[in-house]
Amino acid sequence: MLPERIPQLDVSIGDRPSAGQLLKASTYEFRYLTATAQQPSVALLMPAAEKLTWTDGDLFAPMDQNLPEGDLFMRIRALFPKQQTTAMHLLALIGDNGIGRLGYRIPGADVPPVATPLTKEFLLDTRYTPEVFDDLVMAYLSSGSGIAGVQPKIMVPEARMTVPIPTLIVKAASDAYPGLAANEYLCLRAANQGGIDTPVFDLSNDGKMLVLERFDAVLRKDRSVERLGFEDIAALSGQRVRDTLSDRKYHGSYQRIAELLKQLQLPQVDLDRFFAQVAFSIMVRNGDAHLKNFGVLYRTPQDVWLAPMFDVVTTAIYRYTRYNGGPELEDRTLALKLFAGKHRNKTYPTTEELLVFGSKVCNVSAPAAVLRRIARGMQQALLEAQADERIPRELLGRMRDAWATGLEYAKDRR
Ligand SMILES: Nc1ncnc2c1ncn2[C@@H]1O[C@H](COP(=O)(O)OP(=O)(O)OP(=O)(O)O)[C@@H](O)[C@H]1O
Ligand SMILES: [Mg+2]
C-alpha cells in the first residue's frame with residue numbers, strides 16, 4: 001500500500017540512482033541533484049545544461065507518457081480500490097519499469113522484490129484464456145505497470161536476462177478486436193520482410209498473444225542491460241497521455257512529426273525510416289498510427305534516432321471506438337492527417353500524395369521503390385501465413401482483402 005500523499009519521488013536516470021527529485025506541490029518541479037551540465041538528461045528537451053530546476057503546472061509530458069491508461073489502469077484501480085491514483089502514485093507504481101530510462105522511488109522506500117522471470121518459450125506455449133492472462137497480470141502488475149496504451153498487456157522479466165527489469169511485453173487478445181494478436185503479428189512479419197525494423201516479436205502457439213522484446217533495453221556485451229531514453233511523439237510535442245479522453249494523440253499530422261524529427265536533427269536515414277513506417281501503416285490500413293505510436297530513442301541529445309515501428313494493426317477490418325464510451329466508428333480514415341494544414345483531412349492519400357509526402361516532406365530520394373518494397377513484404381507475409389496454423393483463416397481472408405487496396409500504391413503508374 002502506498003502512502004496517502006506522495007509529495008516527492010527520487011528519480012533515477014539510466015544507471016544513475018537519485019539523479020534528480022520530482023516534487024509535487026501546487027506545481028510539479030524536477031531538480032537535478034548535481035550541478036554539472038554533462039549528465040544524462042531527464043528528457044530530451046530538459047537538459048541539465050539548460051537549467052537544473054524545471055517546473056510545470058502538469059506532470060512533465062515525458063514522465064506522463066508511460067502512465068498506465070486503458071486496461072492496465074482499470075486493473076490497477078480494481079486491485080487497489082482505496083488507493084489514490086494520482087500521477088505521483090502511478091509513477092511510484094511504475095518504479096524502475098517504465099519504458100525508457102527513468103525510474104521513480106519514494107524516498108527511503110525498500111528496493112522492490114524482483115518478480116520471477118519466465119522464459120519466452122513458456123509464454124509462447126501458454127494457452128490464452130482470460131483467466132490465465134488475469135493471473136499473469138496479477139503476478140506481474142507490480143513489476144510491469146510502466147506501460148501505457150489501451151490494449152491488455154503486461155511486462156515480464158525474461159529468464160535469459162541477468163537483469164531484474166521486465167524485458168518482454170505480452171499483448172493479449174481482446175474481445176473487442178478478434179484476432180488482434182495474429183493481425184499485429186502478420187503486420188510485423190510484412191514489415192520485416194519489407195525492410196522495416198521492428199522489435200523482436202513472436203506469436204504464441206495458440207495465436208492469441210503477441211510477445212515482444214523491449215526496444216529500449218539493449219543487452220551489453222557483459223550481459224547487463226543498457227536502458228535507452230525513449231520519448232513518444234505525443235510527449236515530445238508536450239501532450240499528455242491522460243489529457244481529455246486521450247483524444248489528443250489523434251491531433252496533428254505526419255508532416256508535423258517529420259518536421260519535429262528534423263528539428264531534433266535526426267539524420268536523413270531516420271526520415272527515410274519514418275516515411276517507410278507511415279507508408280506501411282497506410283498500405284496495411286492501420287488507422288491507429290497516432291502520436292504515441294511513433295517515438296525516438298536516445299543516449300544523449302546529440303545521439304537520437306527513430307524507434308523501430310511498433311503497434312501496427314490492420315484496423316480497417318474492425319469497428320472501433322476511440323475512447324471508452326465513444327461512438328462506434330467504421331475505420332475508414334488515418335489516425336492523423338498526412339499533411340499539416342486546416343484544409344487537410346484524414347482520408348487515405350492517393351499514390352501521388354503519398355509520393356509527394358515521401359519526396360517533399362521526408363526528402364526520400366526514391367519513394368516509389370519504398371512502396372514496392374513494402375508491397376513485396378506484404379505479399380510474402382500473406383503467402384507465409386497460408387501455411388501458418390496460428391493465423392485464423394477468416395482473419396487472413398479479411399486482411400488479404402484490406403491489403404489488396406494498400407497494394408495498389410505500389411502498382412506501376414502510367
Ligand atoms: N517493443 C517495445 N519496446 C518498448 N516499448 C514498447 C514496445 N512496444 C510498445 N512499447 C511502448 O508501450 C506503449 C504501448 O504499446 P502499444 O502501442 O503496442 O499498445 P496499445 O495498447 O496497442 O496502444 P494503443 O493505445 O495505441 O492502442 C507504446 O506507446 C510504447 O511506449
Ligand atoms: Mg500504441
# chains A, B, ... in the order shown; residues from 1 in each chain; ligands from 1

$ residues_around --residues "range 65-80 of chain A" --least-positions-apart "4" --cutoff "7 Å" --atoms "only C-alpha atoms" --output "JSON, numbers by chain"
{"A": [61, 90, 98, 99, 145, 146, 147, 148, 149, 150, 151, 152, 235, 240, 241]}

$ write_last_selection --atoms "N, CA and C atoms" --output "PDB file, in the first residue's frame"
ATOM      1  N   ALA A  61       5.509  16.095 -19.602  1.00  0.00           N
ATOM      2  CA  ALA A  61       4.980  15.152 -20.596  1.00  0.00           C
ATOM      3  C   ALA A  61       5.836  13.886 -20.756  1.00  0.00           C
ATOM      4  N   LEU A  90       0.949   6.718  -9.461  1.00  0.00           N
ATOM      5  CA  LEU A  90       1.194   5.843 -10.618  1.00  0.00           C
ATOM      6  C   LEU A  90       2.682   5.761 -10.922  1.00  0.00           C
ATOM      7  N   GLY A  98       9.361   1.646 -16.133  1.00  0.00           N
ATOM      8  CA  GLY A  98       8.788   2.394 -17.244  1.00  0.00           C
ATOM      9  C   GLY A  98       9.596   2.184 -18.513  1.00  0.00           C
ATOM     10  N   ILE A  99       8.930   2.318 -19.660  1.00  0.00           N
ATOM     11  CA  ILE A  99       9.648   2.319 -20.931  1.00  0.00           C
ATOM     12  C   ILE A  99      10.549   3.560 -20.929  1.00  0.00           C
ATOM     13  N   SER A 145       4.047  -2.299 -14.499  1.00  0.00           N
ATOM     14  CA  SER A 145       2.992  -1.316 -14.700  1.00  0.00           C
ATOM     15  C   SER A 145       3.466  -0.075 -15.442  1.00  0.00           C
ATOM     16  N   GLY A 146       4.702  -0.112 -15.921  1.00  0.00           N
ATOM     17  CA  GLY A 146       5.216   1.089 -16.574  1.00  0.00           C
ATOM     18  C   GLY A 146       4.908   1.168 -18.043  1.00  0.00           C
ATOM     19  N   ILE A 147       3.673   0.940 -18.386  1.00  0.00           N
ATOM     20  CA  ILE A 147       3.361   0.852 -19.808  1.00  0.00           C
ATOM     21  C   ILE A 147       1.994   1.456 -20.097  1.00  0.00           C
ATOM     22  N   ALA A 148       1.970   2.317 -21.127  1.00  0.00           N
ATOM     23  CA  ALA A 148       0.718   2.969 -21.488  1.00  0.00           C
ATOM     24  C   ALA A 148       0.041   2.181 -22.602  1.00  0.00           C
ATOM     25  N   GLY A 149      -1.004   2.738 -23.190  1.00  0.00           N
ATOM     26  CA  GLY A 149      -1.692   2.056 -24.291  1.00  0.00           C
ATOM     27  C   GLY A 149      -2.979   1.431 -23.815  1.00  0.00           C
ATOM     28  N   VAL A 150      -3.865   1.155 -24.760  1.00  0.00           N
ATOM     29  CA  VAL A 150      -5.226   0.772 -24.434  1.00  0.00           C
ATOM     30  C   VAL A 150      -5.411  -0.743 -24.324  1.00  0.00           C
ATOM     31  N   GLN A 151      -4.686  -1.500 -25.140  1.00  0.00           N
ATOM     32  CA  GLN A 151      -4.901  -2.960 -25.180  1.00  0.00           C
ATOM     33  C   GLN A 151      -4.382  -3.641 -23.913  1.00  0.00           C
ATOM     34  N   PRO A 152      -4.979  -4.836 -23.580  1.00  0.00           N
ATOM     35  CA  PRO A 152      -4.451  -5.588 -22.442  1.00  0.00           C
ATOM     36  C   PRO A 152      -3.009  -6.021 -22.719  1.00  0.00           C
ATOM     37  N   ALA A 235       4.639  12.983 -26.218  1.00  0.00           N
ATOM     38  CA  ALA A 235       5.422  13.604 -25.143  1.00  0.00           C
ATOM     39  C   ALA A 235       6.323  14.703 -25.704  1.00  0.00           C
ATOM     40  N   ARG A 240      -0.129  15.128 -23.151  1.00  0.00           N
ATOM     41  CA  ARG A 240      -0.115  14.143 -22.078  1.00  0.00           C
ATOM     42  C   ARG A 240      -1.080  13.002 -22.341  1.00  0.00           C
ATOM     43  N   VAL A 241      -0.687  11.804 -21.857  1.00  0.00           N
ATOM     44  CA  VAL A 241      -1.484  10.585 -22.080  1.00  0.00           C
ATOM     45  C   VAL A 241      -2.915  10.773 -21.622  1.00  0.00           C
TER      46      VAL A 241
END

$ closest_atom_pairs --of "range 280-365 of chain A" --to "range 388-410 of chain A" --cutoff "6 Å" --atoms "only C-alpha atoms" --output "CSV"
residue,atom,partner,partner_atom,distance
A:Met283,CA,A:Gly406,CA,3.9
A:Val284,CA,A:Trp403,CA,5.4
A:Thr351,CA,A:Tyr409,CA,5.3

$ write_last_selection --atoms "C-alpha atoms" --output "tab-separated table (two decimals), in the first residue's frame"
chain	number	residue	atom	x	y	z
A	283	MET	CA	-0.72	0.28	-47.04
A	284	VAL	CA	-1.81	-2.22	-44.35
A	351	THR	CA	-0.46	7.33	-54.55

$ atom_distance --atom1 "CA of Val163 in chain A" --atom2 "CA of Leu118 in chain A"
12.5 Å

$ closest_residue --among "A:Val313, A:Cys362, A:Ala279, A:Leu371" --to "ligand 2" --atoms "only C-alpha atoms and all ligand atoms"
A:Val313

$ residues_near_ligand --ligand "ligand 2" --cutoff "6 Å" --atoms "only C-alpha atoms and all ligand atoms" --output "MDAnalysis selection string"
chainID A and resid 149 292:293 311

$ write_last_selection --atoms "C-alpha atoms" --output "PDB file, in the first residue's frame"
ATOM      1  CA  GLY A 149      -1.692   2.056 -24.291  1.00  0.00           C
ATOM      2  CA  LYS A 292       2.054   7.661 -29.231  1.00  0.00           C
ATOM      3  CA  ASN A 293       2.805   5.040 -31.853  1.00  0.00           C
ATOM      4  CA  ASP A 311       1.793  -1.195 -32.647  1.00  0.00           C
TER       5      ASP A 311
END

$ residues_around --residues "Val356 in chain A" --least-positions-apart "6" --cutoff "12 Å" --atoms "only C-alpha atoms" --output "list in words"
Gln255, Phe275, Ala279, Leu338, Phe339, Pro349, Thr350, Cys362, Asn363, Val364, Ser365, Ala366, Pro367 and Ala368 of chain A

$ write_last_selection --atoms "C-alpha atoms" --output "PDB file, in the first residue's frame"
ATOM      1  CA  GLN A 255       4.098  16.096 -41.755  1.00  0.00           C
ATOM      2  CA  PHE A 275       8.491   7.583 -44.435  1.00  0.00           C
ATOM      3  CA  ALA A 279       3.678   4.340 -45.893  1.00  0.00           C
ATOM      4  CA  LEU A 338      -0.882  13.158 -43.778  1.00  0.00           C
ATOM      5  CA  PHE A 339      -0.178  16.843 -44.459  1.00  0.00           C
ATOM      6  CA  PRO A 349      -3.967   9.591 -49.605  1.00  0.00           C
ATOM      7  CA  THR A 350      -3.685   8.888 -53.306  1.00  0.00           C
ATOM      8  CA  CYS A 362      10.660  13.376 -45.819  1.00  0.00           C
ATOM      9  CA  ASN A 363      13.245  14.102 -48.564  1.00  0.00           C
ATOM     10  CA  VAL A 364      13.259  10.455 -49.626  1.00  0.00           C
ATOM     11  CA  SER A 365      15.074  10.034 -52.947  1.00  0.00           C
ATOM     12  CA  ALA A 366      13.093   7.085 -54.339  1.00  0.00           C
ATOM     13  CA  PRO A 367       9.754   6.847 -52.512  1.00  0.00           C
ATOM     14  CA  ALA A 368       8.108   4.650 -55.183  1.00  0.00           C
TER      15      ALA A 368
END

$ closest_residue --among "A:Leu124, A:Ala181, A:Val304, A:Val370" --to "ligand 1" --atoms "only C-alpha atoms and all ligand atoms"
A:Ala181

$ select_by_dssp --residues "range 145-209 of chain A" --states "strand (DSSP E)" --output "list in words"
Lys153, Ile154, Met155, Val156, Leu168, Ile169, Val170, Lys171, Ala172, Phe201, Asp202, Leu203 and Met209 of chain A

$ closest_residue --among "A:Ser237, A:Ser253, A:Thr198, A:Ser204" --to "Phe357 in chain A" --atoms "only C-alpha atoms"
A:Ser253

$ select_by_dssp --residues "range 140-359 of chain A" --states "helix (DSSP H, G or I)" --output "ChimeraX atom specification"
/A:140-144,180-193,233-236,244-250,254-263,268-283,291-293,315-317,351-359

$ residues_around --residues "Val114 in chain A" --least-positions-apart "4" --cutoff "10 Å" --atoms "only C-alpha atoms" --output "mmCIF file with N, CA and C atoms, in the first residue's frame"
data_model
loop_
_atom_site.group_PDB
_atom_site.id
_atom_site.type_symbol
_atom_site.label_atom_id
_atom_site.label_comp_id
_atom_site.auth_asym_id
_atom_site.auth_seq_id
_atom_site.Cartn_x
_atom_site.Cartn_y
_atom_site.Cartn_z
ATOM 1 N N TYR A 140 2.433 -9.958 -12.345
ATOM 2 C CA TYR A 140 3.455 -9.040 -12.832
ATOM 3 C C TYR A 140 3.066 -7.574 -12.780
ATOM 4 N N SER A 142 3.037 -5.495 -10.369
ATOM 5 C CA SER A 142 3.963 -4.629 -9.642
ATOM 6 C C SER A 142 5.260 -4.446 -10.413
ATOM 7 N N SER A 143 5.603 -5.411 -11.274
ATOM 8 C CA SER A 143 6.860 -5.273 -11.995
ATOM 9 C C SER A 143 6.655 -4.713 -13.384
ATOM 10 N N PRO A 157 9.766 -10.113 -16.785
ATOM 11 C CA PRO A 157 11.218 -10.281 -16.926
ATOM 12 C C PRO A 157 11.544 -11.606 -17.612
ATOM 13 N N VAL A 163 19.189 -9.526 -15.632
ATOM 14 C CA VAL A 163 18.810 -8.253 -15.013
ATOM 15 C C VAL A 163 17.394 -8.292 -14.479
ATOM 16 N N PRO A 164 17.154 -7.547 -13.430
ATOM 17 C CA PRO A 164 15.835 -7.631 -12.816
ATOM 18 C C PRO A 164 14.778 -6.727 -13.450
ATOM 19 N N ILE A 165 14.964 -6.271 -14.681
ATOM 20 C CA ILE A 165 13.877 -5.463 -15.239
ATOM 21 C C ILE A 165 13.085 -6.275 -16.260
ATOM 22 N N PRO A 166 11.785 -6.032 -16.309
ATOM 23 C CA PRO A 166 10.971 -6.783 -17.265
ATOM 24 C C PRO A 166 11.322 -6.367 -18.687
#

$ closest_residue --among "A:Asn97, A:Thr162, A:Gln38, A:Gln386" --to "ligand 1" --atoms "only C-alpha atoms and all ligand atoms"
A:Asn97

$ closest_residue --among "A:Arg5, A:Arg332, A:His89, A:Lys153" --to "ligand 1" --atoms "only C-alpha atoms and all ligand atoms"
A:Lys153

$ closest_residue --among "A:Val225, A:Leu264, A:Ile169, A:Ala276" --to "ligand 1" --atoms "only C-alpha atoms and all ligand atoms"
A:Ile169

$ decode --residues "range 76-164 of chain A" --atoms "C-alpha atoms" --output "short mmCIF file (atom, residue, chain, number, x, y, z; two decimals), in the first residue's frame"
data_model
loop_
_atom_site.label_atom_id
_atom_site.label_comp_id
_atom_site.auth_asym_id
_atom_site.auth_seq_id
_atom_site.Cartn_x
_atom_site.Cartn_y
_atom_site.Cartn_z
CA ILE A 76 -4.80 -1.07 -11.00
CA ARG A 77 -7.99 0.68 -9.89
CA ALA A 78 -9.70 -2.65 -9.32
CA LEU A 79 -6.75 -4.05 -7.40
CA PHE A 80 -6.35 -1.07 -5.07
CA PRO A 81 -9.85 0.42 -4.86
CA LYS A 82 -8.99 2.64 -1.91
CA GLN A 83 -5.61 3.68 -3.17
CA GLN A 84 -5.15 7.15 -4.58
CA THR A 85 -4.22 7.07 -8.23
CA THR A 86 -2.64 10.49 -8.65
CA ALA A 87 0.16 10.77 -11.19
CA MET A 88 2.67 10.58 -8.30
CA HIS A 89 1.12 7.30 -7.12
CA LEU A 90 1.19 5.84 -10.62
CA LEU A 91 4.84 6.85 -11.03
CA ALA A 92 5.66 5.19 -7.69
CA LEU A 93 3.95 2.03 -9.00
CA ILE A 94 5.93 2.21 -12.23
CA GLY A 95 9.14 2.27 -10.19
CA ASP A 96 12.06 1.23 -12.38
CA ASN A 97 9.95 -0.42 -15.02
CA GLY A 98 8.79 2.39 -17.24
CA ILE A 99 9.65 2.32 -20.93
CA GLY A 100 12.74 4.48 -21.35
CA ARG A 101 15.39 5.12 -18.74
CA LEU A 102 13.64 6.92 -15.85
CA GLY A 103 12.88 5.27 -12.52
CA TYR A 104 10.90 6.54 -9.53
CA ARG A 105 11.17 5.70 -5.84
CA ILE A 106 9.56 7.05 -2.68
CA PRO A 107 12.48 8.41 -0.64
CA GLY A 108 13.63 5.78 1.87
CA ALA A 109 11.40 3.06 0.43
CA ASP A 110 12.73 -0.50 0.19
CA VAL A 111 14.00 -1.86 -3.09
CA PRO A 112 11.01 -3.74 -4.53
CA PRO A 113 11.29 -7.55 -4.78
CA VAL A 114 12.24 -8.89 -8.19
CA ALA A 115 9.44 -10.73 -10.00
CA THR A 116 10.06 -14.34 -11.06
CA PRO A 117 11.44 -14.40 -14.59
CA LEU A 118 9.78 -16.55 -17.25
CA THR A 119 11.19 -17.95 -20.47
CA LYS A 120 9.89 -16.79 -23.82
CA GLU A 121 9.17 -20.43 -24.70
CA PHE A 122 6.93 -20.77 -21.67
CA LEU A 123 4.99 -17.66 -22.63
CA LEU A 124 4.61 -18.75 -26.26
CA ASP A 125 3.35 -22.11 -25.09
CA THR A 126 0.83 -20.68 -22.63
CA ARG A 127 -2.73 -21.25 -23.82
CA TYR A 128 -4.59 -17.99 -23.61
CA THR A 129 -7.77 -17.75 -21.59
CA PRO A 130 -8.92 -14.52 -19.97
CA GLU A 131 -8.29 -16.16 -16.59
CA VAL A 132 -4.75 -17.18 -17.42
CA PHE A 133 -3.98 -13.69 -18.63
CA ASP A 134 -5.56 -12.18 -15.49
CA ASP A 135 -3.24 -14.36 -13.40
CA LEU A 136 -0.27 -13.21 -15.42
CA VAL A 137 -1.26 -9.58 -14.93
CA MET A 138 -1.73 -10.09 -11.19
CA ALA A 139 1.66 -11.75 -10.88
CA TYR A 140 3.45 -9.04 -12.83
CA LEU A 141 1.48 -5.91 -12.17
CA SER A 142 3.96 -4.63 -9.64
CA SER A 143 6.86 -5.27 -11.99
CA GLY A 144 5.24 -4.29 -15.21
CA SER A 145 2.99 -1.32 -14.70
CA GLY A 146 5.22 1.09 -16.57
CA ILE A 147 3.36 0.85 -19.81
CA ALA A 148 0.72 2.97 -21.49
CA GLY A 149 -1.69 2.06 -24.29
CA VAL A 150 -5.23 0.77 -24.43
CA GLN A 151 -4.90 -2.96 -25.18
CA PRO A 152 -4.45 -5.59 -22.44
CA LYS A 153 -0.72 -6.12 -21.98
CA ILE A 154 1.87 -6.82 -19.33
CA MET A 155 5.64 -6.74 -18.99
CA VAL A 156 7.52 -9.79 -17.77
CA PRO A 157 11.22 -10.28 -16.93
CA GLU A 158 12.81 -12.78 -19.28
CA ALA A 159 14.70 -15.69 -17.72
CA ARG A 160 17.54 -15.44 -20.27
CA MET A 161 18.47 -11.98 -18.96
CA THR A 162 20.61 -11.45 -15.91
CA VAL A 163 18.81 -8.25 -15.01
CA PRO A 164 15.84 -7.63 -12.82
#
